[in-house]
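> Just upload.cif, nothing more (mmCIF, C-alpha atoms (C1' of nucleotides)):
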```
data_model
loop_
_atom_site.group_PDB
_atom_site.id
_atom_site.type_symbol
_atom_site.label_atom_id
_atom_site.label_comp_id
_atom_site.auth_asym_id
_atom_site.auth_seq_id
_atom_site.Cartn_x
_atom_site.Cartn_y
_atom_site.Cartn_z
ATOM 1 C CA MET A 661 108.861 -66.676 -229.932
ATOM 2 C CA THR A 662 110.427 -63.998 -227.808
ATOM 3 C CA ASP A 663 107.279 -62.159 -228.666
ATOM 4 C CA PRO A 664 104.560 -64.629 -229.627
ATOM 5 C CA ALA A 665 101.870 -63.455 -231.971
ATOM 6 C CA SER A 666 99.236 -64.591 -229.517
ATOM 7 C CA LEU A 667 98.680 -66.587 -226.370
ATOM 8 C CA ASN A 668 97.134 -69.308 -228.471
ATOM 9 C CA GLU A 669 100.436 -69.840 -230.223
ATOM 10 C CA ARG A 670 102.263 -70.305 -226.924
ATOM 11 C CA ILE A 671 99.580 -72.679 -225.727
ATOM 12 C CA TRP A 672 99.771 -74.707 -228.918
ATOM 13 C CA LEU A 673 103.530 -75.002 -228.549
ATOM 14 C CA ALA A 674 103.107 -76.251 -224.991
ATOM 15 C CA VAL A 675 100.597 -78.843 -226.214
ATOM 16 C CA ALA A 676 102.963 -79.914 -228.976
ATOM 17 C CA ALA A 677 105.530 -80.722 -226.284
ATOM 18 C CA ILE A 678 103.378 -83.515 -224.885
ATOM 19 C CA PRO A 679 105.015 -86.863 -225.782
ATOM 20 C CA ALA A 680 103.025 -89.518 -227.647
ATOM 21 C CA GLY A 681 101.224 -92.029 -225.472
ATOM 22 C CA ARG A 682 100.959 -89.479 -222.690
ATOM 23 C CA VAL A 683 98.315 -86.976 -221.689
ATOM 24 C CA SER A 684 98.392 -83.621 -219.966
ATOM 25 C CA THR A 685 95.891 -81.450 -218.167
ATOM 26 C CA TYR A 686 94.718 -77.953 -218.975
ATOM 27 C CA GLY A 687 96.364 -76.636 -215.852
ATOM 28 C CA ALA A 688 99.697 -78.227 -216.719
ATOM 29 C CA VAL A 689 99.605 -76.884 -220.260
ATOM 30 C CA ALA A 690 98.664 -73.449 -219.002
ATOM 31 C CA ASN A 691 101.560 -73.538 -216.572
ATOM 32 C CA ALA A 692 103.942 -74.609 -219.333
ATOM 33 C CA ALA A 693 102.659 -71.815 -221.520
ATOM 34 C CA GLY A 694 103.385 -69.253 -218.832
ATOM 35 C CA LEU A 695 99.816 -68.946 -217.593
ATOM 36 C CA PRO A 696 99.832 -70.105 -213.949
ATOM 37 C CA ARG A 697 96.062 -69.840 -213.601
ATOM 38 C CA GLY A 698 95.107 -69.880 -217.274
ATOM 39 C CA ALA A 699 93.537 -73.300 -217.587
ATOM 40 C CA ARG A 700 90.427 -71.864 -219.211
ATOM 41 C CA ARG A 701 92.522 -69.950 -221.686
ATOM 42 C CA VAL A 702 93.914 -73.289 -222.849
ATOM 43 C CA GLY A 703 90.450 -74.618 -223.539
ATOM 44 C CA ARG A 704 89.579 -71.663 -225.689
ATOM 45 C CA ALA A 705 92.916 -71.903 -227.471
ATOM 46 C CA LEU A 706 92.265 -75.514 -228.401
ATOM 47 C CA GLY A 707 88.830 -74.571 -229.647
ATOM 48 C CA ALA A 708 90.474 -71.982 -231.870
ATOM 49 C CA LEU A 709 92.931 -74.547 -233.186
ATOM 50 C CA PRO A 710 92.798 -74.784 -237.006
ATOM 51 C CA PRO A 711 91.567 -78.163 -238.348
ATOM 52 C CA ASP A 712 94.730 -78.672 -240.395
ATOM 53 C CA SER A 713 97.066 -78.139 -237.455
ATOM 54 C CA GLN A 714 99.537 -80.780 -236.366
ATOM 55 C CA ILE A 715 99.014 -79.990 -232.707
ATOM 56 C CA PRO A 716 98.152 -83.087 -230.590
ATOM 57 C CA TRP A 717 95.216 -81.342 -228.916
ATOM 58 C CA TYR A 718 93.684 -84.718 -228.103
ATOM 59 C CA ARG A 719 96.402 -85.308 -225.499
ATOM 60 C CA VAL A 720 94.923 -82.562 -223.376
ATOM 61 C CA ILE A 721 92.299 -83.600 -220.838
ATOM 62 C CA ASN A 722 90.942 -81.981 -217.695
ATOM 63 C CA ALA A 723 92.305 -82.474 -214.177
ATOM 64 C CA GLN A 724 89.708 -85.151 -213.489
ATOM 65 C CA GLY A 725 91.171 -87.443 -216.117
ATOM 66 C CA ARG A 726 88.187 -86.915 -218.367
ATOM 67 C CA ILE A 727 87.771 -85.437 -221.804
ATOM 68 C CA ALA A 728 86.504 -81.904 -221.491
ATOM 69 C CA ILE A 729 84.623 -82.053 -224.771
ATOM 70 C CA PRO A 730 80.887 -82.766 -224.533
ATOM 71 C CA GLN A 731 80.284 -86.464 -225.137
ATOM 72 C CA GLY A 732 78.586 -87.148 -228.450
ATOM 73 C CA SER A 733 80.581 -84.526 -230.281
ATOM 74 C CA LYS A 734 82.597 -85.578 -233.276
ATOM 75 C CA ALA A 735 85.714 -84.067 -231.714
ATOM 76 C CA ALA A 736 85.184 -86.118 -228.545
ATOM 77 C CA ARG A 737 85.041 -89.367 -230.502
ATOM 78 C CA GLU A 738 88.127 -88.407 -232.433
ATOM 79 C CA GLN A 739 89.977 -87.631 -229.219
ATOM 80 C CA TRP A 740 89.161 -91.031 -227.728
ATOM 81 C CA ASP A 741 90.044 -92.733 -230.986
ATOM 82 C CA ARG A 742 93.439 -91.059 -231.160
ATOM 83 C CA LEU A 743 94.207 -91.695 -227.492
ATOM 84 C CA LEU A 744 93.289 -95.370 -227.775
ATOM 85 C CA GLY A 745 95.483 -95.551 -230.862
ATOM 86 C CA GLU A 746 98.435 -94.368 -228.758
ATOM 87 C CA GLY A 747 97.803 -96.868 -226.006
ATOM 88 C CA VAL A 748 96.032 -94.545 -223.593
ATOM 89 C CA ILE A 749 93.294 -96.710 -222.124
ATOM 90 C CA PRO A 750 90.657 -95.383 -219.690
ATOM 91 C CA ASP A 751 89.876 -97.313 -216.519
ATOM 92 C CA ALA A 752 86.585 -98.998 -215.625
ATOM 93 C CA ASN A 753 85.141 -95.620 -214.670
ATOM 94 C CA GLY A 754 85.912 -94.215 -218.093
ATOM 95 C CA ARG A 755 88.629 -92.027 -216.673
ATOM 96 C CA ILE A 756 92.248 -91.811 -217.750
ATOM 97 C CA ASP A 757 94.745 -92.603 -215.009
ATOM 98 C CA LEU A 758 96.821 -89.448 -214.749
ATOM 99 C CA ARG A 759 99.162 -91.252 -212.351
ATOM 100 C CA ARG A 760 100.130 -93.543 -215.229
ATOM 101 C CA TYR A 761 99.687 -91.485 -218.388
ATOM 102 C CA GLY A 762 100.305 -88.109 -216.906
ATOM 103 C CA VAL A 763 103.663 -86.498 -217.583
ATOM 104 C "C1'" DC B 1132 79.435 -86.663 -205.729
ATOM 105 C "C1'" DT B 1133 77.611 -81.147 -206.231
ATOM 106 C "C1'" DG B 1134 78.172 -76.243 -205.684
ATOM 107 C "C1'" DT B 1135 80.793 -71.967 -205.615
ATOM 108 C "C1'" DT B 1136 84.836 -68.976 -206.427
ATOM 109 C "C1'" DG B 1137 88.848 -67.370 -208.902
ATOM 110 C "C1'" DA B 1138 91.173 -65.538 -212.883
ATOM 111 C "C1'" DC B 1139 91.436 -63.493 -217.614
ATOM 112 C "C1'" DA B 1140 91.591 -63.456 -222.991
ATOM 113 C "C1'" DG B 1141 87.870 -63.153 -226.511
ATOM 114 C "C1'" DT B 1142 83.684 -61.453 -227.914
ATOM 115 C "C1'" DA B 1143 79.430 -58.881 -228.016
ATOM 116 C "C1'" DC B 1144 77.181 -54.727 -227.379
ATOM 117 C "C1'" DC C 449 86.858 -46.728 -226.926
ATOM 118 C "C1'" DG C 450 84.537 -48.793 -222.459
ATOM 119 C "C1'" DT C 451 81.611 -52.229 -220.154
ATOM 120 C "C1'" DA C 452 79.588 -56.749 -219.553
ATOM 121 C "C1'" DC C 453 79.386 -61.430 -220.316
ATOM 122 C "C1'" DT C 454 81.195 -65.774 -221.534
ATOM 123 C "C1'" DG C 455 84.086 -69.983 -221.440
ATOM 124 C "C1'" DC C 456 86.901 -78.089 -224.198
ATOM 125 C "C1'" DC C 457 88.997 -75.364 -216.229
ATOM 126 C "C1'" DA C 458 91.090 -75.729 -211.284
ATOM 127 C "C1'" DA C 459 90.832 -75.542 -206.479
ATOM 128 C "C1'" DC C 460 88.256 -75.480 -202.498
ATOM 129 C "C1'" DA C 461 84.076 -76.091 -199.254
#
```
Would it be possible to restate this file's structure as structure tokens?


Amino acid sequence: MTDPASLNERIWLAVAAIPAGRVSTYGAVANAAGLPRGARRVGRALGALPPDSQIPWYRVINAQGRIAIPQGSKAAREQWDRLLGEGVIPDANGRIDLRRYGV
DNA sequence: CTGTTGACAGTAC
DNA sequence: CGTACTGCCAACA
């Protein structure tokens, strides 16, 4: 880890640090991974995440409290399903309250 | 709410 | 090997 194989690995580790029942934003994960302005890098890293990984990628949402994945995608439904299963409930506007679930 | 700008690793060419 | 373009975003106007 003193010399990570790739940025993706560092990003994944930062995502893995998110506690259950909580959510984090791309910016926060990027900051935790050592990328102060690398929010977009986080998105690409999650997209490159292997399907058999144990990384809680679904706990990562954008700064607007919304899922960044295009609605209708299988991954988007899975993300909502997993979040609901951990007690993360969106408000009436369909947005997750970062003031409550945010770390 | 929409639009534009910033920043930077992958990827394509 | 270099150049251009892209992208599960954020911050600002």

> Could you tell me, as an NGL selection string, exactly which residues end up selected when the PyMOL selection byres ((chain C and resi 455) around 10) is applied to this structure?

(:A and (700-701 or 703-704)) or (:B and (1141)) or (:C and (453-454 or 456-457))

> Which residues, named as in the file, does the PyMOL selection byres ((chain A) within 10 of (chain C)) pick out? Answer as an MDAnalysis selection string.

chainID A and resid 685:687 697:707 720:724 727:730 735:736

> In Å, rounded to a single decimal, give me how far CA of Ile671 (chain A) is from CA of Ala690 (chain A).

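Going from CA of Ala690 (chain A) over to CA of Ile671 (chain A) covers 6.8 Å.
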
> In Å, rounded to a single decimal, give me how far CA of Arg719 (chain A) is from CA of Ala674 (chain A).

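These two atoms are separated by 11.3 Å.
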
> (96.1, -96.8, -226.3) in this file's frame - what residues fall within 12 Å of it? Use all atoms listed in the file and give the answer as a PyMOL selection string.

chain A and resi 680-683+719+739-751+756+761

> Based on the selection just made, write C-alpha atoms of those residues as a short mmCIF file (atom, residue, chain, number, x, y, z; two decimals), in the coordinates of the input.


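The resulting file, part25.cif, is reproduced below:
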```
data_model
loop_
_atom_site.label_atom_id
_atom_site.label_comp_id
_atom_site.auth_asym_id
_atom_site.auth_seq_id
_atom_site.Cartn_x
_atom_site.Cartn_y
_atom_site.Cartn_z
CA ALA A 680 103.02 -89.52 -227.65
CA GLY A 681 101.22 -92.03 -225.47
CA ARG A 682 100.96 -89.48 -222.69
CA VAL A 683 98.32 -86.98 -221.69
CA ARG A 719 96.40 -85.31 -225.50
CA GLN A 739 89.98 -87.63 -229.22
CA TRP A 740 89.16 -91.03 -227.73
CA ASP A 741 90.04 -92.73 -230.99
CA ARG A 742 93.44 -91.06 -231.16
CA LEU A 743 94.21 -91.70 -227.49
CA LEU A 744 93.29 -95.37 -227.78
CA GLY A 745 95.48 -95.55 -230.86
CA GLU A 746 98.44 -94.37 -228.76
CA GLY A 747 97.80 -96.87 -226.01
CA VAL A 748 96.03 -94.54 -223.59
CA ILE A 749 93.29 -96.71 -222.12
CA PRO A 750 90.66 -95.38 -219.69
CA ASP A 751 89.88 -97.31 -216.52
CA ILE A 756 92.25 -91.81 -217.75
CA TYR A 761 99.69 -91.48 -218.39
#
```

> To test your reading of the syntax: which residues would the PyMOL selection byres ((chain B) within 9 of (chain A)) return for the file shown? Reply as a PDB file with C-alpha atoms (C1' of nucleotides), in the frame of the given file.


```pdb
ATOM      1  C1'  DG B1137      88.848 -67.370-208.902  1.00  0.00           C
ATOM      2  C1'  DA B1138      91.173 -65.538-212.883  1.00  0.00           C
ATOM      3  C1'  DC B1139      91.436 -63.493-217.614  1.00  0.00           C
ATOM      4  C1'  DA B1140      91.591 -63.456-222.991  1.00  0.00           C
ATOM      5  C1'  DG B1141      87.870 -63.153-226.511  1.00  0.00           C
TER       6       DG B1141
END
```

> Could you please determine the separation between CA of Ala693 (chain A) and CA of Leu673 (chain A) in Å, to one decimal place?

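Straight-line distance from CA of Ala693 (chain A) to CA of Leu673 (chain A) works out to 7.8 Å.
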